[in-house]
$ cat target-v7.cif   # mmCIF, C-alpha atoms
data_work
loop_
_atom_site.label_atom_id
_atom_site.label_comp_id
_atom_site.auth_asym_id
_atom_site.auth_seq_id
_atom_site.Cartn_x
_atom_site.Cartn_y
_atom_site.Cartn_z
CA MET A 47 -0.51 9.90 -18.73
CA LYS A 48 -2.57 7.63 -20.92
CA LYS A 49 -6.17 6.71 -20.25
CA LYS A 50 -5.28 3.10 -19.43
CA TYR A 51 -3.52 4.32 -16.25
CA ARG A 52 -6.54 6.14 -14.82
CA ILE A 53 -9.24 5.05 -12.43
CA LYS A 54 -12.26 7.21 -13.18
CA LYS A 55 -15.32 5.35 -11.93
CA SER A 56 -16.39 6.22 -8.40
CA ASP A 57 -17.37 2.58 -7.80
CA GLU A 58 -13.78 1.48 -8.43
CA ILE A 59 -12.45 4.17 -6.09
CA GLN A 60 -14.94 3.16 -3.39
CA GLN A 61 -13.93 -0.49 -3.77
CA LEU A 62 -10.27 0.50 -3.45
CA MET A 63 -10.99 2.48 -0.27
CA SER A 64 -13.11 -0.32 1.21
CA LYS A 65 -10.12 -2.71 1.10
CA ARG A 66 -8.66 -0.64 3.98
CA GLN A 67 -5.08 -0.99 2.80
CA SER A 68 -3.69 2.48 3.26
CA VAL A 69 -0.61 4.39 4.28
CA GLY A 70 -0.36 8.05 5.05
CA ASN A 71 1.53 10.94 6.51
CA SER A 72 0.52 14.45 7.47
CA TYR A 73 0.41 15.54 3.80
CA PHE A 74 -1.00 12.63 1.78
CA ILE A 75 -3.05 9.43 2.10
CA LEU A 76 -2.51 6.49 -0.26
CA TYR A 77 -5.09 3.69 -0.62
CA TYR A 78 -3.81 0.73 -2.58
CA GLN A 79 -4.62 -2.76 -3.79
CA LYS A 80 -2.35 -5.31 -5.41
CA ASN A 81 -3.05 -8.10 -7.93
CA HIS A 82 -5.69 -6.76 -10.23
CA ASP A 83 -6.67 -7.89 -13.73
CA PHE A 84 -4.97 -5.16 -15.74
CA GLU A 85 -1.53 -5.35 -17.32
CA ASN A 86 -0.38 -2.00 -15.93
CA PHE A 87 -0.85 0.01 -12.75
CA ARG A 88 -3.83 2.34 -12.41
CA TYR A 89 -4.29 5.34 -10.16
CA ALA A 90 -6.63 8.14 -9.16
CA LEU A 91 -5.94 11.52 -7.52
CA SER A 92 -8.03 13.75 -5.32
CA VAL A 93 -7.43 17.11 -3.70
CA PRO A 94 -10.25 18.48 -1.48
CA LYS A 95 -12.01 21.79 -2.19
CA LYS A 96 -10.77 23.14 1.13
CA TYR A 97 -7.26 23.01 -0.36
CA GLY A 98 -7.92 26.12 -2.42
CA LYS A 99 -9.21 27.36 -5.74
CA ALA A 100 -9.40 25.11 -8.79
CA HIS A 101 -6.08 26.24 -10.27
CA GLU A 102 -4.30 25.43 -6.96
CA ARG A 103 -5.89 21.96 -6.77
CA ASN A 104 -5.02 21.31 -10.42
CA LEU A 105 -1.40 22.35 -9.83
CA MET A 106 -1.09 19.82 -6.98
CA LYS A 107 -2.62 17.07 -9.13
CA ARG A 108 -0.26 17.88 -12.03
CA ARG A 109 2.71 17.68 -9.69
CA ILE A 110 1.63 14.31 -8.26
CA ARG A 111 0.95 13.01 -11.79
CA GLU A 112 4.46 13.97 -12.85
CA ILE A 113 5.99 12.21 -9.84
CA ILE A 114 4.01 9.04 -10.62
CA LYS A 115 5.07 9.22 -14.28
CA VAL A 116 8.76 9.32 -13.37
CA LYS A 117 8.75 6.56 -10.73
CA SER A 118 8.87 2.91 -11.72
CA ILE A 119 5.74 1.47 -10.16
CA ASP A 120 4.76 -2.20 -9.88
CA PRO A 121 2.36 -2.96 -12.75
CA ALA A 122 0.13 -5.21 -10.63
CA CYS A 123 -1.41 -2.52 -8.44
CA GLU A 124 -4.03 0.19 -8.20
CA PHE A 125 -3.78 3.18 -5.91
CA PHE A 126 -5.61 6.35 -4.93
CA VAL A 127 -3.72 9.42 -3.65
CA ILE A 128 -5.48 12.08 -1.59
CA GLY A 129 -3.68 15.35 -0.95
CA ARG A 130 -4.38 16.89 2.43
CA ILE A 131 -4.80 20.63 2.97
CA LYS A 132 -1.46 20.82 4.77
CA SER A 133 0.39 19.77 1.58
CA LYS A 134 -0.22 23.26 0.16
CA GLU A 135 2.91 24.56 1.89
CA LEU A 136 5.25 21.99 0.27
CA SER A 137 7.66 22.59 -2.60
CA PHE A 138 7.86 20.16 -5.53
CA SER A 139 10.92 18.38 -4.09
CA GLN A 140 9.15 17.93 -0.74
CA ILE A 141 6.06 16.59 -2.49
CA THR A 142 8.28 14.14 -4.36
CA GLU A 143 9.88 12.93 -1.12
CA ASN A 144 6.53 12.45 0.61
CA VAL A 145 4.85 10.62 -2.28
CA GLN A 146 7.91 8.40 -2.80
CA GLU A 147 7.93 7.59 0.92
CA LEU A 148 4.29 6.48 0.73
CA LEU A 149 4.93 4.35 -2.36
CA LYS A 150 7.81 2.66 -0.54
CA LYS A 151 5.71 2.06 2.59
CA ALA A 152 3.00 0.47 0.46
CA ASN A 153 5.65 -1.56 -1.39
CA LEU A 154 4.43 -0.34 -4.80
CA LEU A 155 7.78 0.61 -6.30
CA LYS A 156 9.49 -1.88 -8.57
CA GLU A 157 12.72 -3.23 -7.25
CA ARG A 158 15.53 -2.21 -9.50
CA VAL A 159 17.78 -5.05 -10.45
CA LYS A 160 21.41 -4.18 -10.78
CA TRP A 161 22.90 -5.93 -13.73
CA LYS A 162 26.52 -6.86 -13.61
CA ARG A 163 28.26 -7.24 -16.88
CA LYS A 164 30.30 -10.32 -17.34
CA THR A 165 33.37 -9.65 -19.36
CA LYS A 166 35.29 -12.36 -21.04
CA LEU A 167 39.01 -12.06 -21.18
CA LEU A 168 40.57 -12.89 -24.47
CA GLN A 169 43.29 -15.43 -24.13
#
$ encode --input "target-v7.cif" --output "structure tokens"
Amino acid sequence: MKKKYRIKKSDEIQQLMSKRQSVGNSYFILYYQKNHDFENFRYALSVPKKYGKAHERNLMKRRIREIIKVKSIDPACEFFVIGRIKSKELSFSQITENVQELLKKANLLKERVKWKRKTKLLQ
């Protein structure tokens, strides 16, 4: 994803965590904040060293990044996802379910509007 979607500064991550708005399950923790000054959502990812070697941590981060890229997320939010050690045993589809569940709990997904087409009958 593009640079404008990333939170890189540790001060910004600490500020996000200090807001104490979080949701979690046994595999992931999601800290979030709504209504920021940017025009698009921003996020950060973290997987602890206890998770495994660097290539295993990077694989988990790539998977989470792909899930975030596919989902339609509210542009007025920032969030920080932490993968717990237990998430190592999950498949990609299970990771997708868990991350989507957290995004729904935090109310960060955009609501999809169903458009109904109006058809005019020719008379």
$ closest_atom_pairs --input "target-v7.cif" --of "stretch 114-148 of chain A" --to "stretch 48-69 of chain A" --cutoff "9 Å" --atoms "only C-alpha atoms" --output "Markdown table"
| residue | atom | partner | partner_atom | distance |
| --- | --- | --- | --- | --- |
| A:Glu124 | CA | A:Leu62 | CA | 7.8 |
| A:Phe125 | CA | A:Leu62 | CA | 7.4 |
| A:Phe126 | CA | A:Ile59 | CA | 7.3 |
| A:Leu148 | CA | A:Val69 | CA | 6.4 |
$ resolve_selection --input "target-v7.cif" --expression "the PyMOL selection byres ((chain A and resi 79) around 6)" --output "ChimeraX atom specification"
/A:78,80,123-124
$ closest_residue --input "target-v7.cif" --among "A:Ser133, A:Ser72, A:Ser139, A:Gln146" --to "A:Lys96" --atoms "all atoms listed in the file"
A:Ser133
$ closest_residue --input "target-v7.cif" --among "A:Ile119, A:Leu136, A:Val145, A:Val127" --to "A:Leu76" --atoms "only C-alpha atoms"
A:Val127
$ residues_near_point --input "target-v7.cif" --point "(-0.7, -0.1, -13.2)" --cutoff "7 Å" --atoms "all atoms listed in the file" --output "count of residues only"
10
